[in-house]
Amino acid sequence: MNFSFFKKKPVTVTPNLSFIGVDMHSHLLPGIDDGLQTVEQTVDFVRELHQLGYKKLICTPHILYGVHNNSAATILPALALAKEAVAAAGIPVVIEAAAEYMLDENIENILKSGEQLMTLKDKYMLIEMSYLAPSQNANEVIFELQLKGITPILAHPERYNFYHKEFDKYENFKDRGVLLQVNLLSLSGYYGKEIKQIAERLIKEKFVDFIGTDMHHATHLQATKDYVSTQGFYDLVKDIPLLNKTLL
């Protein structure tokens, strides 16, 4: 009897993410958060993502008080710099910017101040929590955004370990009109087996509205390229009614 101690290699394919069309979560703008730091890097990453099939990239720098104190005043100049460099490189990709807002006390101040909000298509806002504990003001912020006609998109819910044993919390977000965005890297297993399992369950339960790269650096890029070169990825996501293309 023959035994094989080797796992089957995944079936590889030519990457084609044109069915997603828009990456709506990334950190590609140069030098304003923990993502890319130079315009040259931005151009290189944009070229690579275009080759994977993306038609539009919406960059979403962190807005995290005391760490990444971004706003329209810092994001829009970085966007202009990136767009000019990408155009000069002849890469036919649309570059836009929004932001990834931490649900902390500062976001309440922002919403009250009348400051320009960095939204996606003037209708969505990407929000995130700490990985340590749920944001205590999540319900209030969601309500305030919805009063303004903005639909919250919760970034990478699969990465919030505190919800893994309370899966009904994800359903509660959906019931409240919050959209959910899963990271490609989570599906690949980049962050670990448990996060991969939760991401896949969210897909199975039809809770996923957007898929994003959450691209920060070269390791993320290579892991993404490797994963979307496997047939298993396309089999997993083929039936998701993704909203990414509505952002074109």
# chains A, B, ... in the order shown; residues from 1 in each chain; ligands from 1

call {"tool": "residues_around", "arguments": {"residues": "stretch 93-95 of chain A", "least_positions_apart": "2", "cutoff": "8 Å", "atoms": "only C-alpha atoms", "output": "MDAnalysis selection string"}}
result
chainID A and resid 46 50 54:59 79 82:83 86 91 97

call {"tool": "residues_around", "arguments": {"residues": "stretch 22-25 of chain A", "least_positions_apart": "5", "cutoff": "9 Å", "atoms": "only C-alpha atoms", "output": "PyMOL selection string"}}
result
chain A and resi 17+49+54-61+97-100+120+126+155+181+183+210-215+244-248

call {"tool": "write_last_selection", "arguments": {"atoms": "N, CA and C atoms", "output": "PDB file, in the first residue's frame"}}
result
ATOM      1  N   LEU A  17      -8.412  39.359 -11.489  1.00  0.00           N
ATOM      2  CA  LEU A  17      -9.329  39.938 -10.515  1.00  0.00           C
ATOM      3  C   LEU A  17     -10.261  40.969 -11.134  1.00  0.00           C
ATOM      4  N   LEU A  49      -0.948  45.668  -9.261  1.00  0.00           N
ATOM      5  CA  LEU A  49      -2.373  45.436  -9.027  1.00  0.00           C
ATOM      6  C   LEU A  49      -3.172  45.554 -10.318  1.00  0.00           C
ATOM      7  N   TYR A  54      -7.224  44.754 -11.627  1.00  0.00           N
ATOM      8  CA  TYR A  54      -7.980  45.873 -11.051  1.00  0.00           C
ATOM      9  C   TYR A  54      -8.053  47.044 -12.025  1.00  0.00           C
ATOM     10  N   LYS A  55      -9.235  47.670 -12.075  1.00  0.00           N
ATOM     11  CA  LYS A  55      -9.452  48.839 -12.922  1.00  0.00           C
ATOM     12  C   LYS A  55      -9.413  50.139 -12.118  1.00  0.00           C
ATOM     13  N   LYS A  56      -9.717  50.037 -10.829  1.00  0.00           N
ATOM     14  CA  LYS A  56      -9.697  51.216  -9.961  1.00  0.00           C
ATOM     15  C   LYS A  56      -9.145  50.803  -8.603  1.00  0.00           C
ATOM     16  N   LEU A  57      -8.362  51.709  -8.016  1.00  0.00           N
ATOM     17  CA  LEU A  57      -7.816  51.516  -6.686  1.00  0.00           C
ATOM     18  C   LEU A  57      -8.231  52.696  -5.818  1.00  0.00           C
ATOM     19  N   ILE A  58      -8.986  52.406  -4.772  1.00  0.00           N
ATOM     20  CA  ILE A  58      -9.384  53.451  -3.818  1.00  0.00           C
ATOM     21  C   ILE A  58      -8.499  53.285  -2.590  1.00  0.00           C
ATOM     22  N   CYS A  59      -7.583  54.216  -2.406  1.00  0.00           N
ATOM     23  CA  CYS A  59      -6.632  54.160  -1.302  1.00  0.00           C
ATOM     24  C   CYS A  59      -7.302  54.661  -0.027  1.00  0.00           C
ATOM     25  N   THR A  60      -7.062  53.963   1.084  1.00  0.00           N
ATOM     26  CA  THR A  60      -7.763  54.286   2.327  1.00  0.00           C
ATOM     27  C   THR A  60      -6.786  54.411   3.493  1.00  0.00           C
ATOM     28  N   PRO A  61      -6.053  55.512   3.589  1.00  0.00           N
ATOM     29  CA  PRO A  61      -5.121  55.692   4.706  1.00  0.00           C
ATOM     30  C   PRO A  61      -5.855  55.645   6.049  1.00  0.00           C
ATOM     31  N   ALA A  97      -9.176  58.228  -3.445  1.00  0.00           N
ATOM     32  CA  ALA A  97      -8.838  58.088  -2.029  1.00  0.00           C
ATOM     33  C   ALA A  97     -10.069  58.270  -1.161  1.00  0.00           C
ATOM     34  N   ALA A  98     -10.111  57.501  -0.112  1.00  0.00           N
ATOM     35  CA  ALA A  98     -11.071  57.667   0.973  1.00  0.00           C
ATOM     36  C   ALA A  98     -10.233  57.571   2.253  1.00  0.00           C
ATOM     37  N   ALA A  99     -10.726  56.894   3.282  1.00  0.00           N
ATOM     38  CA  ALA A  99      -9.929  56.692   4.491  1.00  0.00           C
ATOM     39  C   ALA A  99     -10.513  55.534   5.270  1.00  0.00           C
ATOM     40  N   GLU A 100      -9.688  54.974   6.140  1.00  0.00           N
ATOM     41  CA  GLU A 100     -10.125  53.929   7.067  1.00  0.00           C
ATOM     42  C   GLU A 100     -10.151  54.559   8.461  1.00  0.00           C
ATOM     43  N   LEU A 120     -16.212  56.788   0.355  1.00  0.00           N
ATOM     44  CA  LEU A 120     -16.146  56.120  -0.935  1.00  0.00           C
ATOM     45  C   LEU A 120     -17.409  56.461  -1.707  1.00  0.00           C
ATOM     46  N   LEU A 126     -15.387  53.566   5.338  1.00  0.00           N
ATOM     47  CA  LEU A 126     -14.680  52.396   5.840  1.00  0.00           C
ATOM     48  C   LEU A 126     -14.300  52.646   7.292  1.00  0.00           C
ATOM     49  N   ALA A 155     -14.367  47.185   8.134  1.00  0.00           N
ATOM     50  CA  ALA A 155     -13.168  46.582   7.539  1.00  0.00           C
ATOM     51  C   ALA A 155     -12.784  45.302   8.279  1.00  0.00           C
ATOM     52  N   GLN A 181     -16.487  43.974   4.841  1.00  0.00           N
ATOM     53  CA  GLN A 181     -15.403  43.838   3.872  1.00  0.00           C
ATOM     54  C   GLN A 181     -14.359  42.863   4.402  1.00  0.00           C
ATOM     55  N   ASN A 183     -10.712  40.732   3.952  1.00  0.00           N
ATOM     56  CA  ASN A 183      -9.405  40.862   3.316  1.00  0.00           C
ATOM     57  C   ASN A 183      -9.072  39.624   2.485  1.00  0.00           C
ATOM     58  N   PHE A 210     -17.894  43.246   0.300  1.00  0.00           N
ATOM     59  CA  PHE A 210     -16.708  43.731  -0.406  1.00  0.00           C
ATOM     60  C   PHE A 210     -15.522  42.831  -0.069  1.00  0.00           C
ATOM     61  N   ILE A 211     -14.598  42.719  -1.016  1.00  0.00           N
ATOM     62  CA  ILE A 211     -13.288  42.120  -0.760  1.00  0.00           C
ATOM     63  C   ILE A 211     -12.238  43.193  -1.036  1.00  0.00           C
ATOM     64  N   GLY A 212     -11.296  43.335  -0.103  1.00  0.00           N
ATOM     65  CA  GLY A 212     -10.227  44.322  -0.277  1.00  0.00           C
ATOM     66  C   GLY A 212      -8.869  43.696  -0.061  1.00  0.00           C
ATOM     67  N   THR A 213      -7.835  44.347  -0.563  1.00  0.00           N
ATOM     68  CA  THR A 213      -6.489  43.807  -0.353  1.00  0.00           C
ATOM     69  C   THR A 213      -5.925  44.206   1.007  1.00  0.00           C
ATOM     70  N   ASP A 214      -6.279  45.386   1.518  1.00  0.00           N
ATOM     71  CA  ASP A 214      -5.645  45.936   2.719  1.00  0.00           C
ATOM     72  C   ASP A 214      -4.131  45.939   2.552  1.00  0.00           C
ATOM     73  N   MET A 215      -3.703  46.290   1.363  1.00  0.00           N
ATOM     74  CA  MET A 215      -2.283  46.227   0.987  1.00  0.00           C
ATOM     75  C   MET A 215      -1.462  47.280   1.727  1.00  0.00           C
ATOM     76  N   ASN A 244     -18.068  45.537  -5.060  1.00  0.00           N
ATOM     77  CA  ASN A 244     -16.894  46.303  -5.465  1.00  0.00           C
ATOM     78  C   ASN A 244     -17.095  47.057  -6.771  1.00  0.00           C
ATOM     79  N   LYS A 245     -17.691  46.418  -7.764  1.00  0.00           N
ATOM     80  CA  LYS A 245     -17.828  47.048  -9.081  1.00  0.00           C
ATOM     81  C   LYS A 245     -18.795  48.217  -9.069  1.00  0.00           C
ATOM     82  N   THR A 246     -19.634  48.334  -8.047  1.00  0.00           N
ATOM     83  CA  THR A 246     -20.523  49.503  -7.964  1.00  0.00           C
ATOM     84  C   THR A 246     -19.730  50.769  -7.694  1.00  0.00           C
ATOM     85  N   LEU A 247     -18.450  50.612  -7.339  1.00  0.00           N
ATOM     86  CA  LEU A 247     -17.583  51.770  -7.057  1.00  0.00           C
ATOM     87  C   LEU A 247     -16.823  52.242  -8.275  1.00  0.00           C
ATOM     88  N   LEU A 248     -17.027  51.590  -9.413  1.00  0.00           N
ATOM     89  CA  LEU A 248     -16.363  52.030 -10.661  1.00  0.00           C
ATOM     90  C   LEU A 248     -16.891  53.390 -11.096  1.00  0.00           C
TER      91      LEU A 248
END

call {"tool": "residues_around", "arguments": {"residues": "stretch 136-149 of chain A", "least_positions_apart": "6", "cutoff": "7 Å", "atoms": "only C-alpha atoms", "output": "ChimeraX atom specification"}}
result
/A:103,108,123

call {"tool": "write_last_selection", "arguments": {"atoms": "C-alpha atoms", "output": "short mmCIF file (atom, residue, chain, number, x, y, z; two decimals), in the first residue's frame"}}
result
data_model
loop_
_atom_site.label_atom_id
_atom_site.label_comp_id
_atom_site.auth_asym_id
_atom_site.auth_seq_id
_atom_site.Cartn_x
_atom_site.Cartn_y
_atom_site.Cartn_z
CA LEU A 103 -13.89 53.86 15.84
CA GLU A 108 -17.17 61.39 17.13
CA LYS A 123 -22.01 57.09 0.20
#

call {"tool": "residues_around", "arguments": {"residues": "A:Asn106", "least_positions_apart": "3", "cutoff": "12 Å", "atoms": "only C-alpha atoms", "output": "list in words"}}
result
Ile63, Leu64, Tyr65, Gly66, Val67, His68, Asn69, Asn70, Ser71, Tyr101, Met102, Leu103, Asn109, Ile110, Leu111, Lys112, Ser113, Glu115, Asn137 and Val141 of chain A

call {"tool": "write_last_selection", "arguments": {"atoms": "C-alpha atoms", "output": "PDB file, in the first residue's frame"}}
result
ATOM      1  CA  ILE A  63      -7.258  57.978  10.419  1.00  0.00           C
ATOM      2  CA  LEU A  64      -6.171  57.079  13.936  1.00  0.00           C
ATOM      3  CA  TYR A  65      -5.801  59.911  16.416  1.00  0.00           C
ATOM      4  CA  GLY A  66      -2.313  60.248  17.860  1.00  0.00           C
ATOM      5  CA  VAL A  67      -0.823  57.754  15.413  1.00  0.00           C
ATOM      6  CA  HIS A  68      -1.984  58.626  11.917  1.00  0.00           C
ATOM      7  CA  ASN A  69      -3.521  62.085  12.183  1.00  0.00           C
ATOM      8  CA  ASN A  70      -4.813  62.130   8.647  1.00  0.00           C
ATOM      9  CA  SER A  71      -7.609  64.152   7.120  1.00  0.00           C
ATOM     10  CA  TYR A 101     -11.531  55.501  10.228  1.00  0.00           C
ATOM     11  CA  MET A 102     -10.810  54.026  13.635  1.00  0.00           C
ATOM     12  CA  LEU A 103     -13.891  53.857  15.842  1.00  0.00           C
ATOM     13  CA  ASN A 109     -15.354  64.753  17.170  1.00  0.00           C
ATOM     14  CA  ILE A 110     -14.834  64.529  13.407  1.00  0.00           C
ATOM     15  CA  LEU A 111     -18.505  63.850  12.764  1.00  0.00           C
ATOM     16  CA  LYS A 112     -19.521  66.791  14.944  1.00  0.00           C
ATOM     17  CA  SER A 113     -16.953  69.196  13.506  1.00  0.00           C
ATOM     18  CA  GLU A 115     -14.799  68.278   8.679  1.00  0.00           C
ATOM     19  CA  ASN A 137     -19.069  53.726  20.566  1.00  0.00           C
ATOM     20  CA  VAL A 141     -21.106  56.110  15.249  1.00  0.00           C
TER      21      VAL A 141
END

call {"tool": "select_by_dssp", "arguments": {"residues": "stretch 190-240 of chain A", "states": "alpha helix (DSSP H)", "output": "number ranges by chain"}}
result
A: 193-204, 218-227, 231-237

call {"tool": "write_last_selection", "arguments": {"atoms": "C-alpha atoms", "output": "PDB file, in the first residue's frame"}}
result
ATOM      1  CA  LYS A 193      -6.031  29.411  10.343  1.00  0.00           C
ATOM      2  CA  GLU A 194      -8.759  30.742  12.646  1.00  0.00           C
ATOM      3  CA  ILE A 195      -9.108  34.045  10.798  1.00  0.00           C
ATOM      4  CA  LYS A 196      -9.201  32.162   7.494  1.00  0.00           C
ATOM      5  CA  GLN A 197     -12.007  29.951   8.828  1.00  0.00           C
ATOM      6  CA  ILE A 198     -14.066  32.927   9.992  1.00  0.00           C
ATOM      7  CA  ALA A 199     -13.568  34.699   6.648  1.00  0.00           C
ATOM      8  CA  GLU A 200     -14.746  31.604   4.812  1.00  0.00           C
ATOM      9  CA  ARG A 201     -17.747  31.260   7.125  1.00  0.00           C
ATOM     10  CA  LEU A 202     -18.704  34.869   6.479  1.00  0.00           C
ATOM     11  CA  ILE A 203     -18.710  34.034   2.775  1.00  0.00           C
ATOM     12  CA  LYS A 204     -20.745  30.878   3.346  1.00  0.00           C
ATOM     13  CA  ALA A 218       5.745  43.953  -0.355  1.00  0.00           C
ATOM     14  CA  THR A 219       5.005  40.860   1.736  1.00  0.00           C
ATOM     15  CA  HIS A 220       1.279  41.577   1.403  1.00  0.00           C
ATOM     16  CA  LEU A 221       1.668  41.994  -2.342  1.00  0.00           C
ATOM     17  CA  GLN A 222       3.493  38.709  -2.822  1.00  0.00           C
ATOM     18  CA  ALA A 223       1.070  36.782  -0.600  1.00  0.00           C
ATOM     19  CA  THR A 224      -1.850  38.244  -2.534  1.00  0.00           C
ATOM     20  CA  LYS A 225      -0.319  37.353  -5.892  1.00  0.00           C
ATOM     21  CA  ASP A 226       0.361  33.807  -4.730  1.00  0.00           C
ATOM     22  CA  TYR A 227      -3.162  33.304  -3.423  1.00  0.00           C
ATOM     23  CA  GLN A 231      -8.074  27.985  -8.502  1.00  0.00           C
ATOM     24  CA  GLY A 232      -9.351  27.509  -4.962  1.00  0.00           C
ATOM     25  CA  PHE A 233      -9.733  31.250  -4.512  1.00  0.00           C
ATOM     26  CA  TYR A 234     -12.016  31.601  -7.532  1.00  0.00           C
ATOM     27  CA  ASP A 235     -14.060  28.566  -6.506  1.00  0.00           C
ATOM     28  CA  LEU A 236     -14.565  30.089  -3.045  1.00  0.00           C
ATOM     29  CA  VAL A 237     -15.712  33.540  -4.133  1.00  0.00           C
TER      30      VAL A 237
END

call {"tool": "select_by_dssp", "arguments": {"residues": "chain A", "states": "strand (DSSP E)", "output": "ChimeraX atom specification"}}
result
/A:22-23,56-59,62-63,94-97,100-102,124-128,151-155,179-183,210-212

call {"tool": "write_last_selection", "arguments": {"atoms": "N, CA and C atoms", "output": "short mmCIF file (atom, residue, chain, number, x, y, z; two decimals), in the first residue's frame"}}
result
data_model
loop_
_atom_site.label_atom_id
_atom_site.label_comp_id
_atom_site.auth_asym_id
_atom_site.auth_seq_id
_atom_site.Cartn_x
_atom_site.Cartn_y
_atom_site.Cartn_z
N VAL A 22 -12.55 46.68 -8.46
CA VAL A 22 -12.12 47.82 -7.63
C VAL A 22 -11.56 47.30 -6.31
N ASP A 23 -10.34 47.71 -5.98
CA ASP A 23 -9.83 47.48 -4.63
C ASP A 23 -10.18 48.70 -3.81
N LYS A 56 -9.72 50.04 -10.83
CA LYS A 56 -9.70 51.22 -9.96
C LYS A 56 -9.14 50.80 -8.60
N LEU A 57 -8.36 51.71 -8.02
CA LEU A 57 -7.82 51.52 -6.69
C LEU A 57 -8.23 52.70 -5.82
N ILE A 58 -8.99 52.41 -4.77
CA ILE A 58 -9.38 53.45 -3.82
C ILE A 58 -8.50 53.28 -2.59
N CYS A 59 -7.58 54.22 -2.41
CA CYS A 59 -6.63 54.16 -1.30
C CYS A 59 -7.30 54.66 -0.03
N HIS A 62 -5.13 55.21 7.06
CA HIS A 62 -5.69 55.20 8.41
C HIS A 62 -5.94 56.62 8.90
N ILE A 63 -7.05 56.79 9.59
CA ILE A 63 -7.26 57.98 10.42
C ILE A 63 -7.38 57.47 11.85
N VAL A 94 -7.59 53.94 -12.52
CA VAL A 94 -8.15 55.10 -11.82
C VAL A 94 -7.71 55.02 -10.36
N ILE A 95 -7.19 56.13 -9.84
CA ILE A 95 -6.75 56.19 -8.45
C ILE A 95 -7.65 57.19 -7.71
N GLU A 96 -8.24 56.75 -6.63
CA GLU A 96 -9.04 57.63 -5.78
C GLU A 96 -8.62 57.43 -4.34
N ALA A 97 -9.18 58.23 -3.44
CA ALA A 97 -8.84 58.09 -2.03
C ALA A 97 -10.07 58.27 -1.16
N GLU A 100 -9.69 54.97 6.14
CA GLU A 100 -10.13 53.93 7.07
C GLU A 100 -10.15 54.56 8.46
N TYR A 101 -11.34 54.77 8.97
CA TYR A 101 -11.53 55.50 10.23
C TYR A 101 -11.59 54.54 11.42
N MET A 102 -10.73 54.78 12.40
CA MET A 102 -10.81 54.03 13.63
C MET A 102 -12.02 54.48 14.45
N TYR A 124 -20.30 55.68 1.23
CA TYR A 124 -19.81 54.67 2.15
C TYR A 124 -18.64 55.22 2.96
N MET A 125 -18.48 54.73 4.19
CA MET A 125 -17.29 55.04 4.97
C MET A 125 -16.70 53.74 5.51
N LEU A 126 -15.39 53.57 5.34
CA LEU A 126 -14.68 52.40 5.84
C LEU A 126 -14.30 52.65 7.29
N ILE A 127 -14.75 51.75 8.18
CA ILE A 127 -14.47 51.91 9.61
C ILE A 127 -13.78 50.65 10.13
N GLU A 128 -13.00 50.82 11.18
CA GLU A 128 -12.32 49.68 11.79
C GLU A 128 -12.30 49.83 13.30
N THR A 151 -23.36 54.87 4.51
CA THR A 151 -23.41 53.48 4.93
C THR A 151 -22.03 53.04 5.41
N PRO A 152 -21.93 52.58 6.65
CA PRO A 152 -20.62 52.12 7.14
C PRO A 152 -20.24 50.78 6.52
N ILE A 153 -18.96 50.64 6.21
CA ILE A 153 -18.38 49.35 5.80
C ILE A 153 -17.38 48.96 6.89
N LEU A 154 -17.63 47.85 7.57
CA LEU A 154 -16.71 47.40 8.60
C LEU A 154 -15.56 46.65 7.95
N ALA A 155 -14.37 47.18 8.13
CA ALA A 155 -13.17 46.58 7.54
C ALA A 155 -12.78 45.30 8.28
N LEU A 179 -22.22 47.15 6.12
CA LEU A 179 -21.67 46.24 5.13
C LEU A 179 -20.33 45.69 5.64
N LEU A 180 -19.97 44.50 5.19
CA LEU A 180 -18.76 43.85 5.68
C LEU A 180 -17.75 43.66 4.55
N GLN A 181 -16.49 43.97 4.84
CA GLN A 181 -15.40 43.84 3.87
C GLN A 181 -14.36 42.86 4.40
N VAL A 182 -14.13 41.80 3.67
CA VAL A 182 -13.14 40.78 4.05
C VAL A 182 -11.84 41.02 3.29
N ASN A 183 -10.71 40.73 3.95
CA ASN A 183 -9.40 40.86 3.32
C ASN A 183 -9.07 39.62 2.48
N PHE A 210 -17.89 43.25 0.30
CA PHE A 210 -16.71 43.73 -0.41
C PHE A 210 -15.52 42.83 -0.07
N ILE A 211 -14.60 42.72 -1.02
CA ILE A 211 -13.29 42.12 -0.76
C ILE A 211 -12.24 43.19 -1.04
N GLY A 212 -11.30 43.34 -0.10
CA GLY A 212 -10.23 44.32 -0.28
C GLY A 212 -8.87 43.70 -0.06
#

call {"tool": "closest_residue", "arguments": {"among": "A:Leu184, A:Ile150, A:Val43, A:Ala73", "to": "A:Pro92", "atoms": "only C-alpha atoms"}}
result
A:Val43

call {"tool": "decode", "arguments": {"residues": "stretch 37-51 of chain A", "atoms": "N, CA and C atoms", "output": "PDB file, in the first residue's frame"}}
result
ATOM      1  N   GLN A  37       5.751  54.139   1.437  1.00  0.00           N
ATOM      2  CA  GLN A  37       6.426  55.348   1.905  1.00  0.00           C
ATOM      3  C   GLN A  37       6.936  56.256   0.792  1.00  0.00           C
ATOM      4  N   THR A  38       7.040  55.754  -0.433  1.00  0.00           N
ATOM      5  CA  THR A  38       7.560  56.586  -1.521  1.00  0.00           C
ATOM      6  C   THR A  38       6.637  56.521  -2.730  1.00  0.00           C
ATOM      7  N   VAL A  39       6.707  57.545  -3.560  1.00  0.00           N
ATOM      8  CA  VAL A  39       5.912  57.567  -4.785  1.00  0.00           C
ATOM      9  C   VAL A  39       6.333  56.432  -5.714  1.00  0.00           C
ATOM     10  N   GLU A  40       7.625  56.124  -5.721  1.00  0.00           N
ATOM     11  CA  GLU A  40       8.114  55.037  -6.566  1.00  0.00           C
ATOM     12  C   GLU A  40       7.467  53.710  -6.171  1.00  0.00           C
ATOM     13  N   GLN A  41       7.345  53.477  -4.882  1.00  0.00           N
ATOM     14  CA  GLN A  41       6.655  52.270  -4.416  1.00  0.00           C
ATOM     15  C   GLN A  41       5.202  52.271  -4.862  1.00  0.00           C
ATOM     16  N   THR A  42       4.564  53.414  -4.738  1.00  0.00           N
ATOM     17  CA  THR A  42       3.160  53.517  -5.149  1.00  0.00           C
ATOM     18  C   THR A  42       2.995  53.114  -6.606  1.00  0.00           C
ATOM     19  N   VAL A  43       3.837  53.639  -7.459  1.00  0.00           N
ATOM     20  CA  VAL A  43       3.746  53.326  -8.890  1.00  0.00           C
ATOM     21  C   VAL A  43       3.960  51.828  -9.121  1.00  0.00           C
ATOM     22  N   ASP A  44       4.936  51.254  -8.461  1.00  0.00           N
ATOM     23  CA  ASP A  44       5.222  49.828  -8.635  1.00  0.00           C
ATOM     24  C   ASP A  44       4.028  48.977  -8.202  1.00  0.00           C
ATOM     25  N   PHE A  45       3.438  49.296  -7.066  1.00  0.00           N
ATOM     26  CA  PHE A  45       2.313  48.507  -6.552  1.00  0.00           C
ATOM     27  C   PHE A  45       1.078  48.684  -7.428  1.00  0.00           C
ATOM     28  N   VAL A  46       0.853  49.897  -7.880  1.00  0.00           N
ATOM     29  CA  VAL A  46      -0.299  50.140  -8.762  1.00  0.00           C
ATOM     30  C   VAL A  46      -0.143  49.328 -10.047  1.00  0.00           C
ATOM     31  N   ARG A  47       1.057  49.301 -10.579  1.00  0.00           N
ATOM     32  CA  ARG A  47       1.307  48.517 -11.799  1.00  0.00           C
ATOM     33  C   ARG A  47       1.009  47.025 -11.558  1.00  0.00           C
ATOM     34  N   GLU A  48       1.476  46.515 -10.434  1.00  0.00           N
ATOM     35  CA  GLU A  48       1.258  45.100 -10.113  1.00  0.00           C
ATOM     36  C   GLU A  48      -0.232  44.801  -9.938  1.00  0.00           C
ATOM     37  N   LEU A  49      -0.948  45.668  -9.261  1.00  0.00           N
ATOM     38  CA  LEU A  49      -2.373  45.436  -9.027  1.00  0.00           C
ATOM     39  C   LEU A  49      -3.172  45.554 -10.318  1.00  0.00           C
ATOM     40  N   HIS A  50      -2.746  46.456 -11.190  1.00  0.00           N
ATOM     41  CA  HIS A  50      -3.393  46.545 -12.503  1.00  0.00           C
ATOM     42  C   HIS A  50      -3.173  45.256 -13.285  1.00  0.00           C
ATOM     43  N   GLN A  51      -1.995  44.687 -13.198  1.00  0.00           N
ATOM     44  CA  GLN A  51      -1.715  43.442 -13.900  1.00  0.00           C
ATOM     45  C   GLN A  51      -2.551  42.282 -13.356  1.00  0.00           C
TER      46      GLN A  51
END
